[in-house]
$ cat protein.csv   # CSV, C-alpha atoms
chain,number,residue,atom,x,y,z
A,1,MET,CA,12.9,22.9,-4.3
A,2,ARG,CA,10.7,20.0,-3.2
A,3,ALA,CA,8.8,20.7,0.0
A,4,PRO,CA,5.6,19.1,1.3
A,5,GLY,CA,2.5,20.8,0.0
A,6,MET,CA,4.3,21.7,-3.2
A,7,PRO,CA,3.2,19.7,-6.3
A,8,GLY,CA,6.8,18.7,-7.1
A,9,PHE,CA,7.1,16.9,-3.8
A,10,TRP,CA,4.1,14.8,-4.4
A,11,TRP,CA,5.1,13.9,-8.0
A,12,TRP,CA,8.4,12.8,-6.5
A,13,ILE,CA,6.8,10.7,-3.7
A,14,LEU,CA,4.4,9.2,-6.3
A,15,GLN,CA,7.4,8.2,-8.5
A,16,ARG,CA,8.7,6.1,-5.5
A,17,VAL,CA,5.3,4.6,-4.7
A,18,SER,CA,4.5,3.7,-8.3
A,19,GLY,CA,8.0,2.2,-8.7
A,20,LEU,CA,7.4,-0.1,-5.7
A,21,LEU,CA,4.0,-1.0,-7.0
A,22,LEU,CA,5.5,-1.8,-10.4
A,23,VAL,CA,8.1,-4.2,-8.9
A,24,VAL,CA,5.1,-6.4,-7.7
A,25,LEU,CA,2.8,-5.8,-10.7
A,26,ILE,CA,5.4,-6.4,-13.5
A,27,VAL,CA,6.6,-9.6,-11.9
A,28,ALA,CA,3.0,-10.8,-11.6
A,29,HIS,CA,2.3,-9.7,-15.2
A,30,GLY,CA,5.3,-11.5,-16.6
A,31,TRP,CA,4.8,-14.5,-14.5
A,32,PHE,CA,1.1,-15.1,-15.3
A,33,SER,CA,1.4,-14.0,-19.0
A,34,HIS,CA,4.5,-16.1,-19.9
A,35,PHE,CA,5.9,-18.5,-17.3
A,36,VAL,CA,2.6,-20.1,-16.3
A,37,PRO,CA,1.7,-20.9,-19.9
A,38,ILE,CA,5.2,-22.2,-20.4
A,39,SER,CA,5.1,-24.4,-17.3
A,40,ASN,CA,1.7,-25.8,-18.3
A,41,VAL,CA,3.2,-27.5,-21.4
A,42,GLN,CA,6.6,-28.1,-20.0
A,43,ALA,CA,6.1,-31.9,-20.1
A,44,GLY,CA,6.9,-31.9,-23.8
A,45,LEU,CA,9.0,-28.7,-23.6
A,46,GLN,CA,6.7,-27.5,-26.3
A,47,ALA,CA,5.8,-23.8,-25.9
A,48,GLU,CA,2.1,-22.9,-26.2
A,49,PRO,CA,1.8,-20.1,-28.7
A,50,VAL,CA,0.2,-16.9,-27.6
A,51,VAL,CA,-3.0,-16.6,-29.6
A,52,PHE,CA,-6.2,-14.5,-29.2
A,53,ASP,CA,-8.3,-17.3,-27.7
A,54,ALA,CA,-5.6,-18.2,-25.1
A,55,VAL,CA,-5.1,-14.6,-24.0
A,56,LYS,CA,-8.9,-14.0,-23.8
A,57,ARG,CA,-9.3,-17.2,-21.7
A,58,ARG,CA,-6.5,-16.1,-19.3
A,59,LEU,CA,-7.8,-12.5,-19.0
A,60,ALA,CA,-11.3,-13.9,-18.3
A,61,GLN,CA,-10.0,-15.5,-15.1
A,62,GLY,CA,-10.7,-13.4,-12.1
A,63,GLY,CA,-8.5,-10.4,-11.5
A,64,PHE,CA,-6.1,-10.6,-14.5
A,65,ILE,CA,-7.9,-8.0,-16.6
A,66,ALA,CA,-7.9,-5.7,-13.5
A,67,LEU,CA,-4.2,-6.3,-13.0
A,68,ASP,CA,-3.5,-5.2,-16.6
A,69,PHE,CA,-5.7,-2.1,-16.3
A,70,VAL,CA,-3.9,-1.0,-13.1
A,71,LEU,CA,-0.5,-1.9,-14.6
A,72,LEU,CA,-1.3,0.2,-17.8
A,73,GLY,CA,-2.1,3.3,-15.7
A,74,VAL,CA,0.7,3.0,-13.2
A,75,VAL,CA,3.4,2.1,-15.7
A,76,LEU,CA,2.5,5.0,-18.0
A,77,TYR,CA,2.6,7.4,-15.0
A,78,HIS,CA,5.9,6.1,-13.8
A,79,GLY,CA,7.5,6.0,-17.2
A,80,LEU,CA,6.4,9.4,-18.5
A,81,ASN,CA,7.1,11.1,-15.1
A,82,GLY,CA,10.6,9.5,-15.3
A,83,MET,CA,11.1,11.1,-18.7
A,84,ARG,CA,10.0,14.4,-17.1
A,85,ASN,CA,12.6,13.9,-14.3
A,86,ILE,CA,15.4,13.3,-16.8
A,87,PHE,CA,14.3,16.4,-18.7
A,88,LEU,CA,14.2,18.5,-15.5
A,89,GLU,CA,17.8,17.5,-14.6
A,90,TRP,CA,18.9,19.6,-17.6
A,91,GLY,CA,17.4,22.7,-15.9
A,92,PRO,CA,15.2,23.8,-18.8
A,93,ALA,CA,13.5,27.2,-19.1
A,94,ALA,CA,10.0,27.4,-17.6
A,95,ARG,CA,8.2,27.8,-21.0
A,96,ARG,CA,10.0,24.8,-22.5
A,97,GLN,CA,9.3,22.8,-19.3
A,98,HIS,CA,5.5,23.4,-19.6
A,99,LEU,CA,5.6,22.5,-23.3
A,100,VAL,CA,7.3,19.1,-22.5
A,101,GLU,CA,5.0,18.4,-19.6
A,102,GLY,CA,2.0,19.1,-21.8
A,103,GLY,CA,3.3,16.9,-24.5
A,104,LEU,CA,3.9,14.0,-21.9
A,105,TRP,CA,0.3,14.4,-20.6
A,106,VAL,CA,-1.0,14.1,-24.2
A,107,VAL,CA,1.2,11.0,-24.9
A,108,GLY,CA,0.1,9.4,-21.5
A,109,LEU,CA,-3.6,10.0,-22.0
A,110,VAL,CA,-3.6,8.9,-25.7
A,111,ALA,CA,-1.6,5.7,-24.8
A,112,PHE,CA,-3.9,5.0,-21.8
A,113,GLY,CA,-7.0,5.3,-24.0
A,114,PHE,CA,-5.5,3.2,-26.7
A,115,GLY,CA,-4.4,0.5,-24.2
A,116,ALA,CA,-7.7,0.5,-22.3
A,117,ARG,CA,-9.6,0.1,-25.6
A,118,THR,CA,-7.2,-2.8,-26.5
A,119,LEU,CA,-7.9,-4.5,-23.1
A,120,ALA,CA,-11.6,-4.0,-23.6
A,121,VAL,CA,-11.5,-6.1,-26.9
A,122,PHE,CA,-10.3,-9.1,-24.8
A,123,ILE,CA,-13.3,-8.7,-22.4
A,124,TRP,CA,-16.2,-7.9,-24.7
A,125,ASP,CA,-15.3,-9.5,-28.1
B,1,MET,CA,6.4,8.8,8.7
B,2,ALA,CA,10.2,8.1,8.9
B,3,PHE,CA,10.0,7.5,5.2
B,4,VAL,CA,8.4,10.9,4.4
B,5,SER,CA,10.7,12.9,6.7
B,6,GLY,CA,13.8,11.0,5.5
B,7,ALA,CA,12.8,11.4,1.9
B,8,LEU,CA,12.0,15.1,2.4
B,9,LYS,CA,15.4,15.7,3.9
B,10,ALA,CA,17.1,14.0,1.0
B,11,ALA,CA,15.0,15.8,-1.6
B,12,VAL,CA,15.7,19.2,-0.1
B,13,LEU,CA,19.4,18.6,0.6
B,14,HIS,CA,20.1,16.6,-2.5
B,15,PRO,CA,17.8,17.5,-5.4
B,16,GLY,CA,19.8,15.5,-7.9
B,17,VAL,CA,21.6,12.3,-7.2
B,18,ALA,CA,23.9,13.2,-10.1
B,19,ALA,CA,25.1,16.4,-8.4
B,20,ARG,CA,26.7,14.5,-5.5
B,21,ARG,CA,28.2,11.6,-7.5
B,22,PRO,CA,31.7,12.0,-9.0
B,23,ARG,CA,31.8,11.2,-12.7
B,24,TYR,CA,32.5,7.5,-13.5
B,25,SER,CA,32.1,6.4,-9.9
B,26,THR,CA,30.0,3.3,-9.1
B,27,GLY,CA,27.1,5.5,-8.0
B,28,TRP,CA,27.4,7.6,-11.2
B,29,TRP,CA,27.2,4.5,-13.4
B,30,ALA,CA,24.2,3.2,-11.3
B,31,TRP,CA,22.5,6.6,-11.9
B,32,LEU,CA,23.3,6.7,-15.6
B,33,LEU,CA,22.1,3.1,-16.1
B,34,GLN,CA,18.9,3.9,-14.3
B,35,ARG,CA,18.2,6.7,-16.9
B,36,VAL,CA,19.2,4.6,-19.9
B,37,THR,CA,17.1,1.6,-18.8
B,38,GLY,CA,14.2,3.9,-18.0
B,39,VAL,CA,14.3,5.4,-21.5
B,40,LEU,CA,14.5,2.0,-23.1
B,41,LEU,CA,11.6,0.7,-21.0
B,42,VAL,CA,9.4,3.6,-22.0
B,43,ALA,CA,10.2,2.9,-25.7
B,44,TYR,CA,9.4,-0.8,-25.1
B,45,LEU,CA,6.2,0.1,-23.3
B,46,LEU,CA,4.9,2.1,-26.2
B,47,LEU,CA,5.9,-0.7,-28.6
B,48,HIS,CA,4.3,-3.3,-26.4
B,49,ILE,CA,1.0,-1.3,-26.3
B,50,GLY,CA,1.2,-1.0,-30.1
B,51,VAL,CA,1.8,-4.7,-30.7
B,52,ILE,CA,-1.1,-5.8,-28.4
B,53,SER,CA,-3.3,-3.1,-30.0
B,54,SER,CA,-3.3,-5.1,-33.2
B,55,VAL,CA,-6.2,-7.0,-31.6
B,56,GLN,CA,-8.4,-3.9,-32.4
B,57,ALA,CA,-8.2,-5.1,-36.1
B,58,GLY,CA,-9.5,-8.5,-35.1
B,59,ALA,CA,-8.4,-11.8,-33.6
B,60,HIS,CA,-6.7,-12.9,-36.9
B,61,ALA,CA,-4.6,-9.7,-37.1
B,62,PHE,CA,-3.6,-10.2,-33.5
B,63,ASP,CA,-2.6,-13.9,-34.1
B,64,ARG,CA,-0.5,-12.9,-37.2
B,65,VAL,CA,1.4,-10.1,-35.3
B,66,LEU,CA,1.9,-12.3,-32.2
B,67,ALA,CA,3.1,-15.2,-34.4
B,68,PHE,CA,5.8,-12.8,-35.8
B,69,VAL,CA,7.0,-11.6,-32.4
B,70,GLN,CA,7.2,-15.2,-31.2
B,71,ALA,CA,10.1,-16.1,-33.5
B,72,PRO,CA,13.1,-17.3,-31.4
B,73,VAL,CA,15.0,-14.1,-31.9
B,74,PHE,CA,12.4,-12.2,-29.9
B,75,ALA,CA,12.7,-14.8,-27.0
B,76,TYR,CA,16.4,-13.8,-26.8
B,77,LEU,CA,15.3,-10.1,-26.9
B,78,ASP,CA,12.9,-10.9,-24.1
B,79,ILE,CA,15.8,-12.1,-21.9
B,80,VAL,CA,17.5,-8.7,-22.6
B,81,LEU,CA,14.2,-7.0,-21.6
B,82,ILE,CA,14.0,-9.0,-18.4
B,83,ALA,CA,17.5,-7.9,-17.5
B,84,ILE,CA,16.7,-4.3,-18.1
B,85,VAL,CA,13.5,-4.5,-16.0
B,86,LEU,CA,15.3,-6.3,-13.2
B,87,TYR,CA,18.1,-3.8,-13.1
B,88,HIS,CA,15.7,-0.8,-13.2
B,89,GLY,CA,13.6,-2.3,-10.4
B,90,ALA,CA,16.5,-3.5,-8.2
B,91,ASN,CA,18.4,-0.2,-8.5
B,92,GLY,CA,15.0,1.7,-8.0
B,93,VAL,CA,14.6,0.0,-4.6
B,94,ARG,CA,18.2,1.0,-3.8
B,95,VAL,CA,17.4,4.6,-4.7
B,96,ILE,CA,14.3,4.6,-2.4
B,97,LEU,CA,16.4,3.1,0.4
B,98,LEU,CA,19.1,5.8,-0.1
B,99,ASP,CA,16.4,8.5,-0.2
B,100,MET,CA,15.2,7.2,3.2
B,101,GLY,CA,18.7,7.4,4.6
B,102,VAL,CA,19.1,3.6,4.7
B,103,GLY,CA,22.6,2.3,3.8
B,104,ASN,CA,24.0,5.5,2.5
B,105,ARG,CA,27.6,4.5,3.4
B,106,HIS,CA,27.1,1.3,1.4
B,107,GLN,CA,25.5,2.8,-1.7
B,108,ALA,CA,28.3,1.4,-4.1
B,109,ALA,CA,27.9,-2.1,-2.6
B,110,MET,CA,24.1,-1.8,-3.0
B,111,ALA,CA,24.6,-0.9,-6.7
B,112,TRP,CA,26.6,-4.1,-7.2
B,113,LEU,CA,23.9,-6.0,-5.3
B,114,ALA,CA,21.4,-4.6,-7.9
B,115,VAL,CA,23.6,-6.0,-10.6
B,116,LEU,CA,23.8,-9.4,-8.8
B,117,VAL,CA,20.0,-9.5,-8.5
B,118,THR,CA,19.8,-8.7,-12.2
B,119,ALA,CA,22.2,-11.4,-13.2
B,120,ALA,CA,20.6,-14.1,-11.0
B,121,GLY,CA,17.0,-13.1,-12.0
B,122,THR,CA,17.9,-13.1,-15.7
B,123,ALA,CA,19.6,-16.5,-15.4
B,124,PHE,CA,16.5,-17.9,-13.6
B,125,ALA,CA,14.1,-16.4,-16.3
B,126,ALA,CA,16.3,-17.8,-19.1
B,127,TYR,CA,16.1,-21.2,-17.4
B,128,LEU,CA,12.3,-21.0,-17.0
B,129,GLY,CA,11.9,-19.8,-20.6
B,130,ARG,CA,14.2,-22.3,-22.2
B,131,PRO,CA,11.3,-24.0,-24.1
B,132,LEU,CA,11.0,-20.8,-26.1
B,133,LEU,CA,14.8,-20.4,-26.9

$ encode --input "protein.csv" --output "structure tokens"
Amino acid sequence: MRAPGMPGFWWWILQRVSGLLLVVLIVAHGWFSHFVPISNVQAGLQAEPVVFDAVKRRLAQGGFIALDFVLLGVVLYHGLNGMRNIFLEWGPAARRQHLVEGGLWVVGLVAFGFGARTLAVFIWD
Amino acid sequence: MAFVSGALKAAVLHPGVAARRPRYSTGWWAWLLQRVTGVLLVAYLLLHIGVISSVQAGAHAFDRVLAFVQAPVFAYLDIVLIAIVLYHGANGVRVILLDMGVGNRHQAAMAWLAVLVTAAGTAFAAYLGRPLL
């Protein structure tokens, strides 16, 4: 049962809050990463290819790298907690549940570290 | 606070949306599609992180990988991705509203509204992205 003060309740609330955040963050991410570059060259309807220098230049503009860092953390939380929710709907045994939750934490932390290291290359290289 | 109390009531009384949706009803399909799109989005997310991580092998490696995924076929797949994202987001807002006790009598119509938002948004994105297609 989910009741206030119990961890399950807060994970559940956080799934809603992160979901609403993602509606804003993902639209912003897609818009600035793809549609702005497209519209910049729309005169000739020639798409600007995504290359390292262009991405580095875009991410160097204020705020964009922060947007991607926040997005990385929020989207990993929402996605992996969503996987946990699907798994819990099967009503698994407690031992198996802890095993899956531990596995999801490992996937999340590794993916966050990997993604953060990737974003760092665009800032410091 | 209305959100928390409404959400709490829904969570305690209805732990699983699936439990109170008859099989093959509109709400059941909306619930199933939310799960399917969610799993697809996690798979895409991990793939996306992997593709962009090619930059760790240097700018040239990144440019090679990115040139590959900018073939026209991937632009069409991006349209599919946008549709999946839009449905998951629009239906997610519907789920939050229903959790808060908003519009429960119109949950089926709201599911179709999520589909409408998905169709309109996808068409708009395809229109904006037509230089890539």

$ closest_atom_pairs --input "protein.csv" --of "chain B" --to "chain A" --cutoff "7 Å" --atoms "only C-alpha atoms" --output "tab-separated table"
residue	atom	partner	partner_atom	distance
B:Leu8	CA	A:Ala3	CA	6.9
B:Ala11	CA	A:Arg2	CA	6.2
B:Val12	CA	A:Arg2	CA	5.9
B:Val42	CA	A:Gly79	CA	5.7
B:Ile49	CA	A:Gly115	CA	6.1
B:Ser53	CA	A:Thr118	CA	5.2
B:Val55	CA	A:Thr118	CA	6.7
B:Gln56	CA	A:Thr118	CA	6.1
B:Ala59	CA	A:Phe52	CA	5.6
B:Phe62	CA	A:Phe52	CA	6.6
B:Asp63	CA	A:Val51	CA	5.3
B:Leu66	CA	A:Val50	CA	6.7
B:Gly89	CA	A:Val23	CA	6.0
B:Ile96	CA	A:Arg16	CA	6.6
B:Leu128	CA	A:Phe35	CA	6.9
B:Gly129	CA	A:Phe35	CA	7.0
B:Pro131	CA	A:Leu45	CA	5.3
B:Leu132	CA	A:Ala47	CA	6.0

$ write_last_selection --input "protein.csv" --atoms "C-alpha atoms" --output "PDB file, in the coordinates of the input"
ATOM      1  CA  LEU B   8      12.000  15.100   2.400  1.00  0.00           C
ATOM      2  CA  ALA B  11      15.000  15.800  -1.600  1.00  0.00           C
ATOM      3  CA  VAL B  12      15.700  19.200  -0.100  1.00  0.00           C
ATOM      4  CA  VAL B  42       9.400   3.600 -22.000  1.00  0.00           C
ATOM      5  CA  ILE B  49       1.000  -1.300 -26.300  1.00  0.00           C
ATOM      6  CA  SER B  53      -3.300  -3.100 -30.000  1.00  0.00           C
ATOM      7  CA  VAL B  55      -6.200  -7.000 -31.600  1.00  0.00           C
ATOM      8  CA  GLN B  56      -8.400  -3.900 -32.400  1.00  0.00           C
ATOM      9  CA  ALA B  59      -8.400 -11.800 -33.600  1.00  0.00           C
ATOM     10  CA  PHE B  62      -3.600 -10.200 -33.500  1.00  0.00           C
ATOM     11  CA  ASP B  63      -2.600 -13.900 -34.100  1.00  0.00           C
ATOM     12  CA  LEU B  66       1.900 -12.300 -32.200  1.00  0.00           C
ATOM     13  CA  GLY B  89      13.600  -2.300 -10.400  1.00  0.00           C
ATOM     14  CA  ILE B  96      14.300   4.600  -2.400  1.00  0.00           C
ATOM     15  CA  LEU B 128      12.300 -21.000 -17.000  1.00  0.00           C
ATOM     16  CA  GLY B 129      11.900 -19.800 -20.600  1.00  0.00           C
ATOM     17  CA  PRO B 131      11.300 -24.000 -24.100  1.00  0.00           C
ATOM     18  CA  LEU B 132      11.000 -20.800 -26.100  1.00  0.00           C
TER      19      LEU B 132
END

$ atom_distance --input "protein.csv" --atom1 "CA of Trp31 in chain B" --atom2 "CA of Ala114 in chain B"
11.9 Å

$ residues_around --input "protein.csv" --residues "His29 in chain A" --least-positions-apart "3" --cutoff "9 Å" --atoms "all atoms listed in the file" --output "list in words"
Val24, Leu25, Ile26, Phe32, Ser33, His34, Phe64, Leu67, Asp68 and Leu71 of chain A

$ atom_distance --input "protein.csv" --atom1 "CA of Leu77 in chain B" --atom2 "CA of Ala90 in chain B"
19.9 Å

$ atom_distance --input "protein.csv" --atom1 "CA of Leu46 in chain B" --atom2 "CA of His88 in chain B"
17.1 Å

$ closest_residue --input "protein.csv" --among "A:Pro92, A:Gly62, A:Asn81, A:Gly102" --to "Gly8 in chain A" --atoms "only C-alpha atoms"
A:Asn81

$ residues_around --input "protein.csv" --residues "Arg94 in chain B" --least-positions-apart "2" --cutoff "12 Å" --atoms "all atoms listed in the file" --output "ChimeraX atom specification"
/A:16,19-20 /B:27,30-31,34,87-92,96-104,106-115,117

$ decode --input "protein.csv" --residues "range 90-101 of chain A" --atoms "all heavy atoms" --output "PDB file, in the first residue's frame"
ATOM      1  N   TRP A  90       3.439  -7.244 -11.637  1.00  0.00           N
ATOM      2  CA  TRP A  90       3.362  -8.704 -11.698  1.00  0.00           C
ATOM      3  C   TRP A  90       3.267  -9.317 -10.305  1.00  0.00           C
ATOM      4  O   TRP A  90       3.054 -10.522 -10.178  1.00  0.00           O
ATOM      5  CB  TRP A  90       4.603  -9.278 -12.403  1.00  0.00           C
ATOM      6  CG  TRP A  90       4.638  -8.994 -13.859  1.00  0.00           C
ATOM      7  CD1 TRP A  90       3.595  -8.544 -14.615  1.00  0.00           C
ATOM      8  CD2 TRP A  90       5.754  -9.138 -14.744  1.00  0.00           C
ATOM      9  NE1 TRP A  90       3.992  -8.389 -15.914  1.00  0.00           N
ATOM     10  CE2 TRP A  90       5.317  -8.747 -16.026  1.00  0.00           C
ATOM     11  CE3 TRP A  90       7.069  -9.545 -14.576  1.00  0.00           C
ATOM     12  CZ2 TRP A  90       6.138  -8.756 -17.132  1.00  0.00           C
ATOM     13  CZ3 TRP A  90       7.888  -9.558 -15.676  1.00  0.00           C
ATOM     14  CH2 TRP A  90       7.437  -9.166 -16.938  1.00  0.00           C
ATOM     15  N   GLY A  91       3.499  -8.466  -9.259  1.00  0.00           N
ATOM     16  CA  GLY A  91       3.458  -8.971  -7.897  1.00  0.00           C
ATOM     17  C   GLY A  91       4.537  -9.984  -7.603  1.00  0.00           C
ATOM     18  O   GLY A  91       4.261 -11.116  -7.191  1.00  0.00           O
ATOM     19  N   PRO A  92       5.822  -9.585  -7.780  1.00  0.00           N
ATOM     20  CA  PRO A  92       6.927 -10.536  -7.602  1.00  0.00           C
ATOM     21  C   PRO A  92       7.193 -10.819  -6.123  1.00  0.00           C
ATOM     22  O   PRO A  92       6.773 -10.057  -5.252  1.00  0.00           O
ATOM     23  CB  PRO A  92       8.118  -9.794  -8.200  1.00  0.00           C
ATOM     24  CG  PRO A  92       7.792  -8.350  -7.985  1.00  0.00           C
ATOM     25  CD  PRO A  92       6.296  -8.229  -8.105  1.00  0.00           C
ATOM     26  N   ALA A  93       7.907 -11.906  -5.852  1.00  0.00           N
ATOM     27  CA  ALA A  93       8.357 -12.219  -4.496  1.00  0.00           C
ATOM     28  C   ALA A  93       9.354 -11.166  -4.043  1.00  0.00           C
ATOM     29  O   ALA A  93      10.052 -10.570  -4.869  1.00  0.00           O
ATOM     30  CB  ALA A  93       8.994 -13.606  -4.466  1.00  0.00           C
ATOM     31  N   ALA A  94       9.417 -10.913  -2.721  1.00  0.00           N
ATOM     32  CA  ALA A  94      10.244  -9.827  -2.177  1.00  0.00           C
ATOM     33  C   ALA A  94      11.714  -9.956  -2.590  1.00  0.00           C
ATOM     34  O   ALA A  94      12.340  -8.976  -2.960  1.00  0.00           O
ATOM     35  CB  ALA A  94      10.128  -9.805  -0.649  1.00  0.00           C
ATOM     36  N   ARG A  95      12.234 -11.198  -2.552  1.00  0.00           N
ATOM     37  CA  ARG A  95      13.652 -11.390  -2.865  1.00  0.00           C
ATOM     38  C   ARG A  95      13.941 -10.997  -4.320  1.00  0.00           C
ATOM     39  O   ARG A  95      14.914 -10.326  -4.613  1.00  0.00           O
ATOM     40  CB  ARG A  95      14.034 -12.854  -2.630  1.00  0.00           C
ATOM     41  CG  ARG A  95      15.493 -13.065  -2.280  1.00  0.00           C
ATOM     42  CD  ARG A  95      15.756 -14.532  -1.989  1.00  0.00           C
ATOM     43  NE  ARG A  95      15.743 -15.308  -3.218  1.00  0.00           N
ATOM     44  CZ  ARG A  95      16.827 -15.499  -3.979  1.00  0.00           C
ATOM     45  NH1 ARG A  95      17.966 -14.984  -3.630  1.00  0.00           N
ATOM     46  NH2 ARG A  95      16.759 -16.216  -5.091  1.00  0.00           N
ATOM     47  N   ARG A  96      13.048 -11.430  -5.211  1.00  0.00           N
ATOM     48  CA  ARG A  96      13.233 -11.116  -6.630  1.00  0.00           C
ATOM     49  C   ARG A  96      13.087  -9.616  -6.861  1.00  0.00           C
ATOM     50  O   ARG A  96      13.788  -9.027  -7.679  1.00  0.00           O
ATOM     51  CB  ARG A  96      12.212 -11.896  -7.468  1.00  0.00           C
ATOM     52  CG  ARG A  96      12.402 -11.717  -8.958  1.00  0.00           C
ATOM     53  CD  ARG A  96      11.736 -12.805  -9.735  1.00  0.00           C
ATOM     54  NE  ARG A  96      12.388 -14.092  -9.543  1.00  0.00           N
ATOM     55  CZ  ARG A  96      11.970 -15.212 -10.116  1.00  0.00           C
ATOM     56  NH1 ARG A  96      10.919 -15.199 -10.903  1.00  0.00           N
ATOM     57  NH2 ARG A  96      12.599 -16.340  -9.910  1.00  0.00           N
ATOM     58  N   GLN A  97      12.142  -8.994  -6.122  1.00  0.00           N
ATOM     59  CA  GLN A  97      11.939  -7.543  -6.255  1.00  0.00           C
ATOM     60  C   GLN A  97      13.218  -6.788  -5.895  1.00  0.00           C
ATOM     61  O   GLN A  97      13.644  -5.885  -6.621  1.00  0.00           O
ATOM     62  CB  GLN A  97      10.794  -7.095  -5.344  1.00  0.00           C
ATOM     63  CG  GLN A  97      10.501  -5.592  -5.455  1.00  0.00           C
ATOM     64  CD  GLN A  97       9.468  -5.140  -4.448  1.00  0.00           C
ATOM     65  OE1 GLN A  97       8.609  -5.909  -4.056  1.00  0.00           O
ATOM     66  NE2 GLN A  97       9.552  -3.889  -4.029  1.00  0.00           N
ATOM     67  N   HIS A  98      13.863  -7.174  -4.780  1.00  0.00           N
ATOM     68  CA  HIS A  98      15.098  -6.497  -4.355  1.00  0.00           C
ATOM     69  C   HIS A  98      16.208  -6.699  -5.378  1.00  0.00           C
ATOM     70  O   HIS A  98      16.998  -5.794  -5.634  1.00  0.00           O
ATOM     71  CB  HIS A  98      15.529  -6.995  -2.975  1.00  0.00           C
ATOM     72  CG  HIS A  98      14.593  -6.569  -1.885  1.00  0.00           C
ATOM     73  ND1 HIS A  98      14.103  -5.287  -1.786  1.00  0.00           N
ATOM     74  CD2 HIS A  98      14.026  -7.259  -0.866  1.00  0.00           C
ATOM     75  CE1 HIS A  98      13.292  -5.196  -0.749  1.00  0.00           C
ATOM     76  NE2 HIS A  98      13.218  -6.397  -0.178  1.00  0.00           N
ATOM     77  N   LEU A  99      16.232  -7.875  -5.975  1.00  0.00           N
ATOM     78  CA  LEU A  99      17.245  -8.185  -6.981  1.00  0.00           C
ATOM     79  C   LEU A  99      17.089  -7.255  -8.190  1.00  0.00           C
ATOM     80  O   LEU A  99      18.051  -6.664  -8.683  1.00  0.00           O
ATOM     81  CB  LEU A  99      17.095  -9.649  -7.407  1.00  0.00           C
ATOM     82  CG  LEU A  99      18.350 -10.371  -7.864  1.00  0.00           C
ATOM     83  CD1 LEU A  99      19.292 -10.581  -6.683  1.00  0.00           C
ATOM     84  CD2 LEU A  99      17.988 -11.708  -8.509  1.00  0.00           C
ATOM     85  N   VAL A 100      15.824  -7.138  -8.671  1.00  0.00           N
ATOM     86  CA  VAL A 100      15.550  -6.290  -9.838  1.00  0.00           C
ATOM     87  C   VAL A 100      15.828  -4.834  -9.512  1.00  0.00           C
ATOM     88  O   VAL A 100      16.428  -4.102 -10.307  1.00  0.00           O
ATOM     89  CB  VAL A 100      14.082  -6.487 -10.302  1.00  0.00           C
ATOM     90  CG1 VAL A 100      13.689  -5.412 -11.307  1.00  0.00           C
ATOM     91  CG2 VAL A 100      13.916  -7.869 -10.917  1.00  0.00           C
ATOM     92  N   GLU A 101      15.414  -4.383  -8.309  1.00  0.00           N
ATOM     93  CA  GLU A 101      15.652  -2.989  -7.926  1.00  0.00           C
ATOM     94  C   GLU A 101      17.146  -2.690  -7.858  1.00  0.00           C
ATOM     95  O   GLU A 101      17.596  -1.636  -8.328  1.00  0.00           O
ATOM     96  CB  GLU A 101      14.980  -2.701  -6.579  1.00  0.00           C
ATOM     97  CG  GLU A 101      13.464  -2.544  -6.717  1.00  0.00           C
ATOM     98  CD  GLU A 101      12.752  -2.443  -5.389  1.00  0.00           C
ATOM     99  OE1 GLU A 101      13.366  -2.728  -4.344  1.00  0.00           O
ATOM    100  OE2 GLU A 101      11.569  -2.082  -5.396  1.00  0.00           O
TER     101      GLU A 101
END
